[in-house]
Amino acid sequence: VIHSGLSYRPGSLKAQLCTSGRSALLAWCRRHGIEHAVTGKLVVATDAGQLGALRDLARRGEANGLAVERLGAQGLRDRAPAVAGVAALHVPATGLVDFATVTRSFAGSLEAAGVELRLGHAVGAIAETRRGVVVDAGGTSLRARWLVVCAGLQADHVARSAGLRAGLRIVPFRGEYHELAHERRPLVPLPVYPVPDPSLPFLGVHLTPHLDGRVTVGPNAVLAAGRERYRRQLLDGEALRSVAELAGDAAVRRMAARWWRAGAWELARSRSTRLLARSVQRLVPDIDRHDLTPTAAGIRAQAVDDQGRLLDDFAIARTPRSVHVLNAPSPAATASLAIGQHLADVVLHLESAT
Ligand SMILES: Cc1cc2nc3c(=O)[nH]c(=O)nc-3n(C[C@H](O)[C@H](O)[C@H](O)COP(=O)(O)OP(=O)(O)OC[C@H]3O[C@@H](n4cnc5c(N)ncnc54)[C@H](O)[C@@H]3O)c2cc1C
């Protein structure tokens, strides 16, 4: 999803970089002939208790410069007849693109500009000198004046190798998806979201049509049994090591103490298609559990601070010679070109100050 920037705190890095990144991404897609669609999205309040949060969300979106259309129950039915709710927001700026295609086009443009891409080179030791940095990557030693690190799920480990103590650790949250049965696809003509819990940095299980016609339902947010365990969660040696690493960290225990209820609910819904279907039916009543087939999962790299708080905003920190992206969850794909520009500005500023 090319996110609009509806729910981010005005003035935050997320809000700024999502807004500028969305425009830059759309311009990139147009320039490089990448198929995309600006479909808009719906955020749906399914009971009167969510109306206050929906109002706050609309104000937030407007403070972020977005057009936000407020719909009553009838207005919602007119826009998406299969979607049920007492009120909704329609945000026209949201769009869709296949991000793997976008990433391949970034890679192609970089190579055409003379950049060498070394894939499959795991970064190990990082040593800084007064004049630069030496990186051990897949058995070769690379020297540079500056190092920029975007290591996603390994961001904290790589930062530590560079001597950065940022008081953050990455906690991996699995986001599982289901695919909607072919004959139900017309029920979801545009992305449909629930009203998010403003105290959590997740958007809630939503329905997303894709450019190839598929409709996915998800993602949930379940503590992952390993940072890169994209396949099914099994309780094996790797999972136990991962649980031991998490449980051994006081900050993660604080996080778990605060969020155990939400965590238990997510776990139960991950195990039961019936519970998942019940969440989905609140938004689209005609969908039942037989319409949902499990499909690929993703894993979010979510930074947690020493107090056990889930970091909401993007986080970037640096040593004298390296700049590290330490928290770049969604909408970092939407914002990627703007994040790149921001990182380049940081390095150019450092270069001009030396
Ligand atoms: C389920 C899910 C759904 C999402 N949906 C959206 C969406 O709809 N819209 C949106 O805008 N964003 C979305 N996002 C967010 C977006 O995908 C991420 O925010 C973005 O990919 C973060 O980029 P990154 O470069 O920081 O990390 P990554 O994309 O994770 O890239 C990090 C790279 O570093 C490599 N790496 C790690 N350690 C090392 C090492 N030691 N040596 C060498 N390489 C290393 C990894 O292999 C990886 O290739 C979603 C994320 C998830 C998980």
# chains A, B, ... in the order shown; residues from 1 in each chain; ligands from 1

$ closest_atom_pairs --of "chain A" --to "ligand 1" --cutoff "7 Å" --atoms "only C-alpha atoms and all ligand atoms" --output "Markdown table"
| residue | atom | partner | partner_atom_place_in_ligand_line | distance |
| --- | --- | --- | --- | --- |
| A:Val1 | CA | ligand 1 | 8 (O) | 3.7 |
| A:Ile2 | CA | ligand 1 | 9 (N) | 5.5 |
| A:His3 | CA | ligand 1 | 11 (O) | 5.8 |
| A:Gly120 | CA | ligand 1 | 43 (C) | 6.9 |
| A:His121 | CA | ligand 1 | 43 (C) | 5.6 |
| A:Ala122 | CA | ligand 1 | 42 (N) | 3.5 |
| A:Val123 | CA | ligand 1 | 42 (N) | 3.6 |
| A:Gly124 | CA | ligand 1 | 41 (N) | 5.9 |
| A:Ala137 | CA | ligand 1 | 42 (N) | 7.0 |
| A:Cys150 | CA | ligand 1 | 25 (O) | 4.8 |
| A:Ala151 | CA | ligand 1 | 34 (O) | 3.6 |
| A:Gly152 | CA | ligand 1 | 27 (O) | 3.5 |
| A:Leu153 | CA | ligand 1 | 30 (O) | 5.7 |
| A:Gln154 | CA | ligand 1 | 38 (N) | 4.6 |
| A:Ala155 | CA | ligand 1 | 38 (N) | 6.6 |
| A:Val158 | CA | ligand 1 | 41 (N) | 6.0 |
| A:Gly175 | CA | ligand 1 | 1 (C) | 4.7 |
| A:Pro219 | CA | ligand 1 | 1 (C) | 6.0 |
| A:Ala297 | CA | ligand 1 | 1 (C) | 6.5 |
| A:Gly298 | CA | ligand 1 | 1 (C) | 3.9 |
| A:Ile299 | CA | ligand 1 | 53 (C) | 4.3 |
| A:Arg300 | CA | ligand 1 | 53 (C) | 3.8 |
| A:Ala301 | CA | ligand 1 | 53 (C) | 6.9 |
| A:Val325 | CA | ligand 1 | 26 (O) | 6.4 |
| A:Ala328 | CA | ligand 1 | 19 (O) | 4.8 |
| A:Pro329 | CA | ligand 1 | 19 (O) | 3.6 |
| A:Ser330 | CA | ligand 1 | 15 (C) | 3.5 |
| A:Pro331 | CA | ligand 1 | 11 (O) | 3.3 |
| A:Ala332 | CA | ligand 1 | 19 (O) | 3.9 |
| A:Ala333 | CA | ligand 1 | 11 (O) | 3.6 |
| A:Thr334 | CA | ligand 1 | 11 (O) | 3.7 |
| A:Ala335 | CA | ligand 1 | 11 (O) | 6.3 |

$ write_last_selection --atoms "N, CA and C atoms" --output "short mmCIF file (atom, residue, chain, number, x, y, z; two decimals), in the first residue's frame"
data_model
loop_
_atom_site.label_atom_id
_atom_site.label_comp_id
_atom_site.auth_asym_id
_atom_site.auth_seq_id
_atom_site.Cartn_x
_atom_site.Cartn_y
_atom_site.Cartn_z
N VAL A 1 0.85 -1.20 0.00
CA VAL A 1 0.00 0.00 0.00
C VAL A 1 0.88 1.25 0.00
N ILE A 2 0.60 2.18 -0.88
CA ILE A 2 1.25 3.49 -0.83
C ILE A 2 0.45 4.29 0.19
N HIS A 3 1.03 4.43 1.39
CA HIS A 3 0.26 5.03 2.48
C HIS A 3 0.10 6.53 2.30
N GLY A 120 23.96 -10.73 -0.92
CA GLY A 120 24.44 -11.95 -0.28
C GLY A 120 25.78 -11.79 0.41
N HIS A 121 26.16 -10.56 0.76
CA HIS A 121 27.40 -10.33 1.51
C HIS A 121 27.03 -9.91 2.93
N ALA A 122 27.07 -10.86 3.86
CA ALA A 122 26.68 -10.53 5.24
C ALA A 122 27.72 -9.62 5.88
N VAL A 123 27.26 -8.52 6.43
CA VAL A 123 28.16 -7.58 7.12
C VAL A 123 28.47 -8.13 8.51
N GLY A 124 29.76 -8.23 8.81
CA GLY A 124 30.18 -8.67 10.14
C GLY A 124 30.78 -7.51 10.91
N ALA A 137 32.51 -7.59 4.86
CA ALA A 137 31.25 -8.02 4.23
C ALA A 137 31.51 -9.25 3.39
N CYS A 150 21.03 0.25 6.70
CA CYS A 150 19.58 0.00 6.76
C CYS A 150 19.43 -1.51 6.87
N ALA A 151 19.50 -2.05 8.06
CA ALA A 151 19.58 -3.51 8.22
C ALA A 151 18.29 -4.13 8.74
N GLY A 152 17.19 -3.38 8.73
CA GLY A 152 15.88 -3.95 9.05
C GLY A 152 15.88 -4.76 10.34
N LEU A 153 15.59 -6.04 10.22
CA LEU A 153 15.45 -6.90 11.40
C LEU A 153 16.77 -7.06 12.18
N GLN A 154 17.90 -6.75 11.54
CA GLN A 154 19.20 -6.89 12.21
C GLN A 154 19.77 -5.53 12.60
N ALA A 155 18.95 -4.47 12.53
CA ALA A 155 19.46 -3.11 12.70
C ALA A 155 20.19 -2.93 14.03
N VAL A 158 23.67 -4.86 13.95
CA VAL A 158 24.68 -4.20 13.12
C VAL A 158 25.13 -2.89 13.79
N GLY A 175 3.63 -10.78 10.71
CA GLY A 175 2.36 -10.28 10.17
C GLY A 175 1.85 -11.32 9.19
N PRO A 219 -2.19 -7.57 7.97
CA PRO A 219 -1.51 -8.56 8.80
C PRO A 219 -1.93 -8.45 10.27
N ALA A 297 3.67 -14.73 4.99
CA ALA A 297 3.74 -13.82 6.15
C ALA A 297 4.95 -12.90 6.00
N GLY A 298 4.87 -11.74 6.63
CA GLY A 298 6.02 -10.83 6.70
C GLY A 298 6.43 -10.70 8.16
N ILE A 299 7.61 -10.13 8.40
CA ILE A 299 8.02 -9.91 9.79
C ILE A 299 8.42 -8.45 9.96
N ARG A 300 7.76 -7.78 10.89
CA ARG A 300 8.07 -6.36 11.13
C ARG A 300 9.28 -6.27 12.05
N ALA A 301 10.15 -5.32 11.75
CA ALA A 301 11.27 -5.02 12.65
C ALA A 301 10.81 -3.86 13.52
N VAL A 325 19.72 3.39 10.40
CA VAL A 325 18.26 3.42 10.49
C VAL A 325 17.87 2.33 11.49
N ALA A 328 12.38 1.53 11.15
CA ALA A 328 11.74 1.97 9.90
C ALA A 328 10.64 1.00 9.53
N PRO A 329 9.60 0.90 10.39
CA PRO A 329 8.47 0.04 10.04
C PRO A 329 7.59 0.76 9.01
N SER A 330 6.45 0.18 8.69
CA SER A 330 5.53 0.83 7.76
C SER A 330 5.28 2.25 8.24
N PRO A 331 5.29 3.27 7.40
CA PRO A 331 5.25 3.28 5.94
C PRO A 331 6.62 3.48 5.28
N ALA A 332 7.64 2.73 5.71
CA ALA A 332 8.99 3.00 5.19
C ALA A 332 9.14 2.61 3.72
N ALA A 333 8.27 1.74 3.19
CA ALA A 333 8.35 1.47 1.75
C ALA A 333 7.82 2.70 1.00
N THR A 334 6.67 3.20 1.42
CA THR A 334 6.12 4.42 0.82
C THR A 334 7.14 5.56 0.91
N ALA A 335 7.78 5.66 2.07
CA ALA A 335 8.66 6.80 2.36
C ALA A 335 10.09 6.58 1.87
#

$ residues_around --residues "Asp136 in chain A" --least-positions-apart "2" --cutoff "8 Å" --atoms "only C-alpha atoms" --output "ChimeraX atom specification"
/A:123-126,134,138-142

$ select_by_dssp --residues "range 11-166 of chain A" --states "strand (DSSP E)" --output "JSON, numbers by chain"
{"A": [36, 37, 38, 41, 42, 43, 44, 45, 69, 70, 71, 72, 87, 88, 89, 90, 91, 95, 96, 97, 123, 124, 125, 126, 127, 128, 133, 134, 135, 136, 137, 140, 141, 142, 143, 144, 147, 148, 149]}

$ residues_around --residues "range 310-318 of chain A" --least-positions-apart "5" --cutoff "6 Å" --atoms "only C-alpha atoms" --output "PyMOL selection string"
chain A and resi 14+201+303-304+323-328

$ closest_atom_pairs --of "range 228-334 of chain A" --to "range 71-89 of chain A" --cutoff "12 Å" --atoms "only C-alpha atoms" --output "Markdown table"
| residue | atom | partner | partner_atom | distance |
| --- | --- | --- | --- | --- |
| A:Val280 | CA | A:Val83 | CA | 10.2 |
| A:Gln281 | CA | A:Ala84 | CA | 8.7 |
| A:Arg282 | CA | A:Ala84 | CA | 7.0 |
| A:Leu283 | CA | A:Ala84 | CA | 5.4 |
| A:Val284 | CA | A:Val83 | CA | 4.7 |
| A:Pro285 | CA | A:Ala84 | CA | 7.0 |
| A:Asp286 | CA | A:Ala82 | CA | 7.2 |
| A:Ile287 | CA | A:Ala82 | CA | 9.5 |

$ closest_residue --among "A:Cys29, A:Val215, A:Leu276, A:Ala45" --to "His182 in chain A" --atoms "only C-alpha atoms"
A:Val215

$ closest_residue --among "A:Asp156, A:Glu176, A:Asp291, A:Asp249" --to "Arg269 in chain A" --atoms "only C-alpha atoms"
A:Glu176

$ residues_around --residues "Asp305 in chain A" --least-positions-apart "6" --cutoff "9 Å" --atoms "only C-alpha atoms" --output "PyMOL selection string"
chain A and resi 166-169+251-252+311

$ write_last_selection --atoms "N, CA, C and O atoms" --output "PDB file, in the first residue's frame"
ATOM      1  N   ALA A 166      22.278   2.456  21.332  1.00  0.00           N
ATOM      2  CA  ALA A 166      21.150   3.385  21.146  1.00  0.00           C
ATOM      3  C   ALA A 166      20.017   3.134  22.129  1.00  0.00           C
ATOM      4  O   ALA A 166      19.012   3.841  22.114  1.00  0.00           O
ATOM      5  N   GLY A 167      20.153   2.121  23.001  1.00  0.00           N
ATOM      6  CA  GLY A 167      19.078   1.843  23.949  1.00  0.00           C
ATOM      7  C   GLY A 167      17.839   1.277  23.273  1.00  0.00           C
ATOM      8  O   GLY A 167      16.720   1.452  23.755  1.00  0.00           O
ATOM      9  N   LEU A 168      18.043   0.615  22.137  1.00  0.00           N
ATOM     10  CA  LEU A 168      16.911   0.024  21.400  1.00  0.00           C
ATOM     11  C   LEU A 168      17.244  -1.415  21.049  1.00  0.00           C
ATOM     12  O   LEU A 168      18.404  -1.751  20.844  1.00  0.00           O
ATOM     13  N   ARG A 169      16.233  -2.260  20.987  1.00  0.00           N
ATOM     14  CA  ARG A 169      16.415  -3.594  20.440  1.00  0.00           C
ATOM     15  C   ARG A 169      15.252  -3.842  19.477  1.00  0.00           C
ATOM     16  O   ARG A 169      14.177  -3.247  19.625  1.00  0.00           O
ATOM     17  N   ALA A 251      13.722  -5.009  29.014  1.00  0.00           N
ATOM     18  CA  ALA A 251      12.831  -4.104  28.264  1.00  0.00           C
ATOM     19  C   ALA A 251      11.713  -4.898  27.587  1.00  0.00           C
ATOM     20  O   ALA A 251      10.565  -4.459  27.553  1.00  0.00           O
ATOM     21  N   VAL A 252      12.052  -6.081  27.058  1.00  0.00           N
ATOM     22  CA  VAL A 252      11.029  -6.896  26.391  1.00  0.00           C
ATOM     23  C   VAL A 252      10.037  -7.414  27.440  1.00  0.00           C
ATOM     24  O   VAL A 252       8.824  -7.482  27.182  1.00  0.00           O
ATOM     25  N   LEU A 311       8.533   1.788  19.767  1.00  0.00           N
ATOM     26  CA  LEU A 311       8.814   3.092  19.151  1.00  0.00           C
ATOM     27  C   LEU A 311       7.851   3.346  18.010  1.00  0.00           C
ATOM     28  O   LEU A 311       7.706   2.498  17.130  1.00  0.00           O
TER      29      LEU A 311
END

$ closest_residue --among "A:Val195, A:Ala296, A:Trp260, A:Thr208" --to "Thr46 in chain A" --atoms "only C-alpha atoms"
A:Val195

$ residues_around --residues "Arg143 in chain A" --least-positions-apart "6" --cutoff "9 Å" --atoms "only C-alpha atoms" --output "PyMOL selection string"
chain A and resi 132-135

$ write_last_selection --atoms "all heavy atoms" --output "compact mmCIF listing (two decimals), in the first residue's frame"
# COMPACT_ATOMS: atom_id res chain seq x y z
N GLY A 132 37.45 7.32 8.45
CA GLY A 132 36.50 6.51 7.69
C GLY A 132 36.10 5.25 8.42
O GLY A 132 36.20 5.16 9.65
N VAL A 133 35.67 4.27 7.62
CA VAL A 133 35.14 3.06 8.22
C VAL A 133 35.56 1.86 7.37
O VAL A 133 35.67 1.97 6.15
CB VAL A 133 33.60 3.20 8.38
CG1 VAL A 133 32.93 3.53 7.09
CG2 VAL A 133 32.96 2.00 9.01
N VAL A 134 35.81 0.74 8.05
CA VAL A 134 36.17 -0.49 7.34
C VAL A 134 35.11 -1.53 7.70
O VAL A 134 34.85 -1.79 8.88
CB VAL A 134 37.57 -1.00 7.77
CG1 VAL A 134 37.94 -2.25 6.97
CG2 VAL A 134 38.62 0.10 7.60
N VAL A 135 34.51 -2.10 6.67
CA VAL A 135 33.40 -3.04 6.88
C VAL A 135 33.80 -4.40 6.34
O VAL A 135 34.23 -4.52 5.19
CB VAL A 135 32.13 -2.56 6.12
CG1 VAL A 135 30.99 -3.55 6.27
CG2 VAL A 135 31.72 -1.18 6.60

$ residues_around --residues "Glu245 in chain A" --least-positions-apart "3" --cutoff "12 Å" --atoms "only C-alpha atoms" --output "list in words"
Arg169, Ile170, Val171, Pro172, Ala225, Gly226, Arg227, Glu238, Ala239, Leu240, Arg241, Ser242, Gly248, Asp249, Ala250, Ala251, Val252 and Arg253 of chain A

$ write_last_selection --atoms "all heavy atoms" --output "tab-separated table (two decimals), in the first residue's frame"
chain	number	residue	atom	x	y	z
A	169	ARG	N	16.23	-2.26	20.99
A	169	ARG	CA	16.41	-3.59	20.44
A	169	ARG	C	15.25	-3.84	19.48
A	169	ARG	O	14.18	-3.25	19.63
A	169	ARG	CB	16.45	-4.72	21.51
A	169	ARG	CG	15.16	-5.07	22.17
A	169	ARG	CD	14.76	-4.12	23.28
A	169	ARG	NE	15.75	-4.07	24.34
A	169	ARG	CZ	16.21	-2.94	24.89
A	169	ARG	NH1	15.72	-1.76	24.51
A	169	ARG	NH2	17.10	-2.95	25.85
A	170	ILE	N	15.53	-4.73	18.49
A	170	ILE	CA	14.47	-5.06	17.52
A	170	ILE	C	13.69	-6.25	18.06
A	170	ILE	O	14.26	-7.28	18.43
A	170	ILE	CB	15.08	-5.42	16.14
A	170	ILE	CG1	15.78	-4.21	15.52
A	170	ILE	CG2	14.00	-5.98	15.21
A	170	ILE	CD1	14.87	-3.05	15.14
A	171	VAL	N	12.38	-6.09	18.11
A	171	VAL	CA	11.49	-7.21	18.45
A	171	VAL	C	10.73	-7.58	17.17
A	171	VAL	O	10.12	-6.71	16.55
A	171	VAL	CB	10.53	-6.83	19.59
A	171	VAL	CG1	9.54	-7.95	19.87
A	171	VAL	CG2	11.32	-6.49	20.85
A	172	PRO	N	10.86	-8.84	16.74
A	172	PRO	CA	10.22	-9.22	15.47
A	172	PRO	C	8.74	-9.57	15.66
A	172	PRO	O	8.40	-10.44	16.45
A	172	PRO	CB	11.02	-10.46	15.04
A	172	PRO	CG	11.53	-11.06	16.32
A	172	PRO	CD	11.63	-9.96	17.34
A	225	ALA	N	8.73	-16.24	16.27
A	225	ALA	CA	9.66	-17.20	16.88
A	225	ALA	C	10.99	-17.17	16.13
A	225	ALA	O	11.50	-18.20	15.70
A	225	ALA	CB	9.06	-18.60	16.84
A	226	GLY	N	11.56	-15.97	15.96
A	226	GLY	CA	12.82	-15.82	15.22
A	226	GLY	C	12.70	-14.64	14.29
A	226	GLY	O	11.63	-14.37	13.74
A	227	ARG	N	13.83	-13.92	14.11
A	227	ARG	CA	13.76	-12.68	13.33
A	227	ARG	C	13.44	-12.92	11.86
A	227	ARG	O	12.89	-12.05	11.21
A	227	ARG	CB	15.08	-11.93	13.45
A	227	ARG	CG	15.32	-11.43	14.85
A	227	ARG	CD	16.41	-10.40	14.89
A	227	ARG	NE	16.63	-9.99	16.27
A	227	ARG	CZ	17.22	-8.86	16.63
A	227	ARG	NH1	17.67	-8.05	15.72
A	227	ARG	NH2	17.37	-8.57	17.90
A	238	GLU	N	15.51	-23.20	17.31
A	238	GLU	CA	15.68	-21.79	16.93
A	238	GLU	C	14.65	-20.93	17.65
A	238	GLU	O	14.96	-19.84	18.16
A	238	GLU	CB	15.53	-21.65	15.41
A	238	GLU	CG	15.91	-20.27	14.95
A	238	GLU	CD	15.52	-19.99	13.50
A	238	GLU	OE1	15.22	-20.94	12.75
A	238	GLU	OE2	15.47	-18.80	13.15
A	239	ALA	N	13.41	-21.45	17.72
A	239	ALA	CA	12.34	-20.69	18.38
A	239	ALA	C	12.67	-20.52	19.87
A	239	ALA	O	12.51	-19.43	20.43
A	239	ALA	CB	11.00	-21.40	18.22
A	240	LEU	N	13.15	-21.59	20.50
A	240	LEU	CA	13.44	-21.51	21.93
A	240	LEU	C	14.59	-20.53	22.19
A	240	LEU	O	14.54	-19.76	23.16
A	240	LEU	CB	13.78	-22.91	22.48
A	240	LEU	CG	12.58	-23.88	22.47
A	240	LEU	CD1	13.01	-25.27	22.90
A	240	LEU	CD2	11.45	-23.37	23.37
A	241	ARG	N	15.59	-20.53	21.29
A	241	ARG	CA	16.70	-19.57	21.45
A	241	ARG	C	16.18	-18.14	21.32
A	241	ARG	O	16.58	-17.25	22.09
A	241	ARG	CB	17.78	-19.83	20.38
A	241	ARG	CG	18.79	-20.91	20.80
A	241	ARG	CD	20.00	-20.91	19.89
A	241	ARG	NE	19.65	-21.19	18.50
A	241	ARG	CZ	19.40	-22.42	18.02
A	241	ARG	NH1	19.46	-23.47	18.82
A	241	ARG	NH2	19.08	-22.60	16.75
A	242	SER	N	15.27	-17.95	20.38
A	242	SER	CA	14.72	-16.61	20.17
A	242	SER	C	13.91	-16.16	21.39
A	242	SER	O	14.04	-15.02	21.86
A	242	SER	CB	13.85	-16.61	18.92
A	242	SER	OG	13.11	-15.45	18.83
A	248	GLY	N	15.21	-12.77	28.13
A	248	GLY	CA	16.36	-12.35	28.92
A	248	GLY	C	16.54	-10.84	28.94
A	248	GLY	O	17.42	-10.32	29.62
A	249	ASP	N	15.71	-10.12	28.21
A	249	ASP	CA	15.86	-8.67	28.08
A	249	ASP	C	14.76	-7.98	28.91
A	249	ASP	O	13.56	-8.15	28.64
A	249	ASP	CB	15.72	-8.32	26.59
A	249	ASP	CG	15.98	-6.84	26.31
A	249	ASP	OD1	15.72	-6.01	27.21
A	249	ASP	OD2	16.41	-6.52	25.20
A	250	ALA	N	15.19	-7.20	29.91
A	250	ALA	CA	14.22	-6.57	30.83
A	250	ALA	C	13.24	-5.68	30.07
A	250	ALA	O	12.06	-5.60	30.43
A	250	ALA	CB	14.97	-5.76	31.88
A	251	ALA	N	13.72	-5.01	29.01
A	251	ALA	CA	12.83	-4.10	28.26
A	251	ALA	C	11.71	-4.90	27.59
A	251	ALA	O	10.56	-4.46	27.55
A	251	ALA	CB	13.63	-3.34	27.22
A	252	VAL	N	12.05	-6.08	27.06
A	252	VAL	CA	11.03	-6.90	26.39
A	252	VAL	C	10.04	-7.41	27.44
A	252	VAL	O	8.82	-7.48	27.18
A	252	VAL	CB	11.69	-8.06	25.61
A	252	VAL	CG1	10.62	-8.94	24.97
A	252	VAL	CG2	12.63	-7.51	24.53
A	253	ARG	N	10.55	-7.73	28.63
A	253	ARG	CA	9.62	-8.19	29.69
A	253	ARG	C	8.66	-7.06	30.07
A	253	ARG	O	7.48	-7.27	30.30
A	253	ARG	CB	10.40	-8.69	30.91
A	253	ARG	CG	11.18	-9.99	30.64
A	253	ARG	CD	11.53	-10.70	31.94
A	253	ARG	NE	12.37	-9.88	32.81
A	253	ARG	CZ	13.70	-9.78	32.72
A	253	ARG	NH1	14.35	-10.48	31.80
A	253	ARG	NH2	14.38	-9.04	33.56

$ atom_distance --atom1 "CA of Ala37 in chain A" --atom2 "CA of Asp212 in chain A"
11.4 Å

$ select_by_dssp --residues "range 17-184 of chain A" --states "helix (DSSP H, G or I)" --output "PyMOL selection string"
chain A and resi 17-31+48-63+73-79+99-112+152-161+182-184

$ closest_residue --among "A:Ile339, A:Ala262, A:Leu207, A:Leu267" --to "Ala224 in chain A" --atoms "only C-alpha atoms"
A:Leu267

$ residues_around --residues "Ala24 in chain A" --least-positions-apart "3" --cutoff "12 Å" --atoms "only C-alpha atoms" --output "JSON, numbers by chain"
{"A": [2, 17, 18, 19, 20, 21, 27, 28, 29, 30, 31, 333, 334, 335, 336, 337, 338, 339, 340, 341]}

$ atom_distance --atom1 "CA of Asp345 in chain A" --atom2 "CA of Ser4 in chain A"
23.7 Å

$ closest_residue --among "A:Ala127, A:Ser270, A:Leu223, A:Pro186" --to "Arg160 in chain A" --atoms "only C-alpha atoms"
A:Ala127

$ atom_distance --atom1 "CA of Thr319 in chain A" --atom2 "CA of Leu164 in chain A"
6.3 Å
